[in-house]
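*Asks:* For reference, this is structure-v1.cif, and it has mmCIF, C-alpha atoms.
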```
data_input
#
loop_
_atom_site.label_atom_id
_atom_site.label_comp_id
_atom_site.auth_asym_id
_atom_site.auth_seq_id
_atom_site.Cartn_x
_atom_site.Cartn_y
_atom_site.Cartn_z
CA MET A 1 -57.38 25.84 -54.66
CA VAL A 2 -57.64 23.23 -51.91
CA ILE A 3 -58.95 24.80 -48.71
CA PRO A 4 -59.00 22.83 -45.45
CA GLY A 5 -62.54 21.48 -44.95
CA LYS A 6 -63.59 22.34 -48.54
CA TYR A 7 -61.91 19.58 -50.56
CA VAL A 8 -62.94 18.53 -54.07
CA ALA A 9 -64.57 15.09 -54.46
CA GLU A 10 -61.55 12.79 -54.84
CA PRO A 11 -59.42 13.92 -51.87
CA LYS A 12 -62.57 14.45 -49.77
CA ALA A 13 -63.60 10.79 -50.28
CA ILE A 14 -60.08 9.56 -49.48
CA ILE A 15 -59.86 11.71 -46.34
CA LYS A 16 -63.25 10.42 -45.12
CA GLN A 17 -62.29 6.78 -45.82
CA GLU A 18 -58.62 6.72 -44.75
CA LYS A 19 -58.80 9.31 -41.92
CA PRO A 20 -55.18 10.47 -42.35
CA LYS A 21 -53.43 12.66 -39.80
CA LEU A 22 -51.62 14.64 -42.54
CA PHE A 23 -52.81 15.96 -45.94
CA ILE A 24 -50.21 17.59 -48.20
CA CYS A 25 -51.32 19.30 -51.39
CA GLY A 26 -50.23 21.99 -53.78
CA HIS A 27 -51.46 23.90 -56.83
CA SER A 28 -52.49 27.20 -55.21
CA HIS A 29 -48.86 28.36 -54.85
CA ILE A 30 -49.83 29.65 -51.39
CA LEU A 31 -47.66 28.41 -48.54
CA LYS A 32 -49.87 27.35 -45.63
CA VAL A 33 -50.05 24.94 -42.73
CA MET A 34 -53.45 24.67 -41.03
CA TYR A 35 -55.24 22.14 -38.86
CA ASP A 36 -58.59 21.04 -40.34
CA ASN A 37 -60.76 20.58 -37.23
CA GLU A 38 -63.69 19.16 -39.21
CA ASN A 39 -61.64 16.26 -40.63
CA GLU A 40 -59.03 16.11 -37.83
CA VAL A 41 -56.15 16.36 -40.30
CA LEU A 42 -53.12 18.65 -40.56
CA HIS A 43 -53.32 20.37 -43.96
CA MET A 44 -50.03 21.47 -45.56
CA ASN A 45 -49.34 23.29 -48.81
CA PRO A 46 -45.61 23.79 -49.39
CA GLY A 47 -46.15 26.84 -51.62
CA ALA A 48 -44.58 26.89 -55.06
CA CYS A 49 -41.46 25.54 -56.73
CA GLY A 50 -42.43 26.12 -60.35
CA ILE A 51 -41.74 28.54 -63.16
CA HIS A 52 -45.39 29.66 -63.52
CA GLY A 53 -47.65 31.58 -61.15
CA PHE A 54 -47.58 34.79 -59.21
CA HIS A 55 -44.98 33.63 -56.67
CA GLN A 56 -41.49 35.06 -56.84
CA VAL A 57 -39.75 32.74 -54.38
CA LYS A 58 -39.78 28.92 -54.44
CA THR A 59 -40.78 27.41 -51.09
CA MET A 60 -41.00 23.99 -49.52
CA LEU A 61 -41.71 22.45 -46.13
CA ARG A 62 -39.43 20.10 -44.21
CA PHE A 63 -40.62 18.18 -41.16
CA GLU A 64 -40.15 14.92 -39.30
CA ILE A 65 -42.68 12.18 -38.63
CA SER A 66 -41.96 10.17 -35.51
CA GLY A 67 -44.69 7.62 -34.85
CA ALA A 68 -47.90 9.69 -34.76
CA GLU A 69 -46.03 12.96 -34.10
CA ILE A 70 -45.23 15.60 -36.73
CA LYS A 71 -42.42 17.81 -35.48
CA ASN A 72 -39.60 20.19 -36.41
CA LEU A 73 -41.57 21.88 -39.21
CA GLU A 74 -39.48 24.32 -41.27
CA VAL A 75 -40.31 26.60 -44.18
CA ILE A 76 -37.45 26.62 -46.69
CA GLU A 77 -37.02 29.31 -49.34
CA LEU A 78 -35.23 28.04 -52.45
CA GLY A 79 -34.66 31.31 -54.27
CA LYS A 80 -36.32 32.53 -57.48
CA LYS A 81 -38.67 30.47 -59.68
CA GLY A 82 -37.45 27.13 -61.09
CA LEU A 83 -38.77 23.90 -62.64
CA ILE A 84 -42.31 22.64 -62.02
CA VAL A 85 -43.30 19.12 -60.93
CA SER A 86 -46.23 17.14 -62.41
CA SER A 87 -49.23 16.19 -60.21
CA CYS A 88 -49.76 12.91 -58.37
CA TRP A 89 -51.63 11.46 -55.35
CA PHE A 90 -50.33 8.79 -53.05
CA VAL A 91 -51.04 7.37 -49.60
CA VAL A 92 -48.15 6.34 -47.34
CA SER A 93 -48.74 4.85 -43.89
CA GLY A 94 -52.07 6.63 -43.48
CA TYR A 95 -50.82 9.94 -44.89
CA ILE A 96 -52.31 11.36 -48.11
CA ILE A 97 -49.83 13.27 -50.26
CA PHE A 98 -50.71 15.29 -53.36
CA VAL A 99 -47.93 16.90 -55.38
CA SER A 100 -48.65 19.34 -58.20
#
```
Go ahead and express the file in the form of structure tokens.
*Replies:*
Amino acid sequence: MVIPGKYVAEPKAIIKQEKPKLFICGHSHILKVMYDNENEVLHMNPGACGIHGFHQVKTMLRFEISGAEIKNLEVIELGKKGLIVSSCWFVVSGYIIFVS
């Protein structure tokens, strides 16, 4: 599980080096949006969209990025369990994104 402020080595090093304003990760299947004061980054986990895990409802987050502002955040429920996505990391315009 990735907990704001308690990242494993790889994302922790990237966060320290790149200083992103937004960190999106998954894997825990727990929907959460929290500000990480220690690293000054908004931490988002969209929940779960897979067929495995304890979750019953697929969830995702939708939001807008306008310049340095993150706004209009929505939690979207997609119904019962479905297909799972493979993991990957990428950095886009100073934002770190991890999908599992």
*Asks:* Would you list the contacts of range 3-11 of chain A as a list in words, taking every protein, DNA or RNA residue within 7 Å and counting all atoms listed in the file, but skipping same-chain residues closer than 6 positions in sequence?
*Replies:* Asp36, Glu38, Asn39 and His43 of chain A
*Asks:* For a test of reading the model, state the distance in Å between CA of Met60 in chain A and CA of Ile76 in chain A, rounded to one decimal.
*Replies:*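 CA of Ile76 in chain A lies at a distance of 5.2 Å from CA of Met60 in chain A.
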*Asks:* From the list A:Lys32, A:Pro20, A:Ile14, A:Asn37, which residue is nearest Glu74 in chain A when using only C-alpha atoms?
*Replies:*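 Of A:Lys32, A:Pro20, A:Ile14, A:Asn37, the one nearest Glu74 in chain A is A:Lys32, counting only C-alpha atoms.
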*Asks:* Please, what distance in Å, to one decimal, runs between CA of Ala13 in chain A and CA of Thr59 in chain A?
*Replies:*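 So the two atoms, CA of Ala13 in chain A and CA of Thr59 in chain A, lie 28.2 Å apart.
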*Asks:* Work out how far CA of Val41 in chain A is from CA of Ile15 in chain A, in Å to one decimal.
*Replies:* 8.5 Å
*Asks:* Just so the selection is clear, what residues does the PyMOL selection byres ((chain A and resi 31) around 12) cover here, as an MDAnalysis selection string?
*Replies:* chainID A and resid 1:3 24:30 32:34 43:49 55 57:61 74:77
*Asks:* Using the structure block above, produce a file of range 15-31 of chain A that contains N, CA and C atoms, as a short mmCIF file (atom, residue, chain, number, x, y, z; two decimals), in the first residue's frame.
*Replies:*
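Output file part_32.cif is given in full below:
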```
data_model
loop_
_atom_site.label_atom_id
_atom_site.label_comp_id
_atom_site.auth_asym_id
_atom_site.auth_seq_id
_atom_site.Cartn_x
_atom_site.Cartn_y
_atom_site.Cartn_z
N ILE A 15 9.72 11.56 -6.34
CA ILE A 15 9.03 12.69 -5.70
C ILE A 15 10.05 13.70 -5.18
N LYS A 16 11.11 13.24 -4.53
CA LYS A 16 12.14 14.14 -4.00
C LYS A 16 12.84 14.90 -5.13
N GLN A 17 13.11 14.21 -6.25
CA GLN A 17 13.84 14.82 -7.36
C GLN A 17 12.95 15.75 -8.19
N GLU A 18 11.76 15.27 -8.58
CA GLU A 18 10.90 16.00 -9.51
C GLU A 18 10.00 17.03 -8.82
N LYS A 19 9.72 16.84 -7.53
CA LYS A 19 8.84 17.72 -6.76
C LYS A 19 7.50 17.98 -7.47
N PRO A 20 6.76 16.89 -7.77
CA PRO A 20 5.48 17.06 -8.46
C PRO A 20 4.44 17.68 -7.54
N LYS A 21 3.40 18.20 -8.11
CA LYS A 21 2.27 18.73 -7.34
C LYS A 21 1.18 17.68 -7.17
N LEU A 22 1.23 16.60 -8.00
CA LEU A 22 0.22 15.55 -7.97
C LEU A 22 0.89 14.19 -8.10
N PHE A 23 0.49 13.24 -7.23
CA PHE A 23 0.98 11.86 -7.28
C PHE A 23 -0.25 10.96 -7.32
N ILE A 24 -0.39 10.19 -8.39
CA ILE A 24 -1.53 9.28 -8.53
C ILE A 24 -1.00 7.86 -8.51
N CYS A 25 -1.56 7.03 -7.64
CA CYS A 25 -1.12 5.65 -7.55
C CYS A 25 -2.33 4.75 -7.32
N GLY A 26 -2.07 3.46 -7.35
CA GLY A 26 -3.14 2.50 -7.11
C GLY A 26 -2.62 1.35 -6.30
N HIS A 27 -3.16 0.21 -6.47
CA HIS A 27 -2.79 -1.08 -5.89
C HIS A 27 -3.55 -1.41 -4.61
N SER A 28 -3.77 -0.46 -3.72
CA SER A 28 -4.41 -0.79 -2.44
C SER A 28 -5.91 -1.04 -2.57
N HIS A 29 -6.51 -0.60 -3.68
CA HIS A 29 -7.95 -0.70 -3.92
C HIS A 29 -8.74 0.18 -2.96
N ILE A 30 -8.06 1.12 -2.30
CA ILE A 30 -8.73 2.02 -1.36
C ILE A 30 -8.77 3.42 -1.98
N LEU A 31 -9.98 3.89 -2.25
CA LEU A 31 -10.17 5.22 -2.80
C LEU A 31 -9.74 6.25 -1.77
#
```
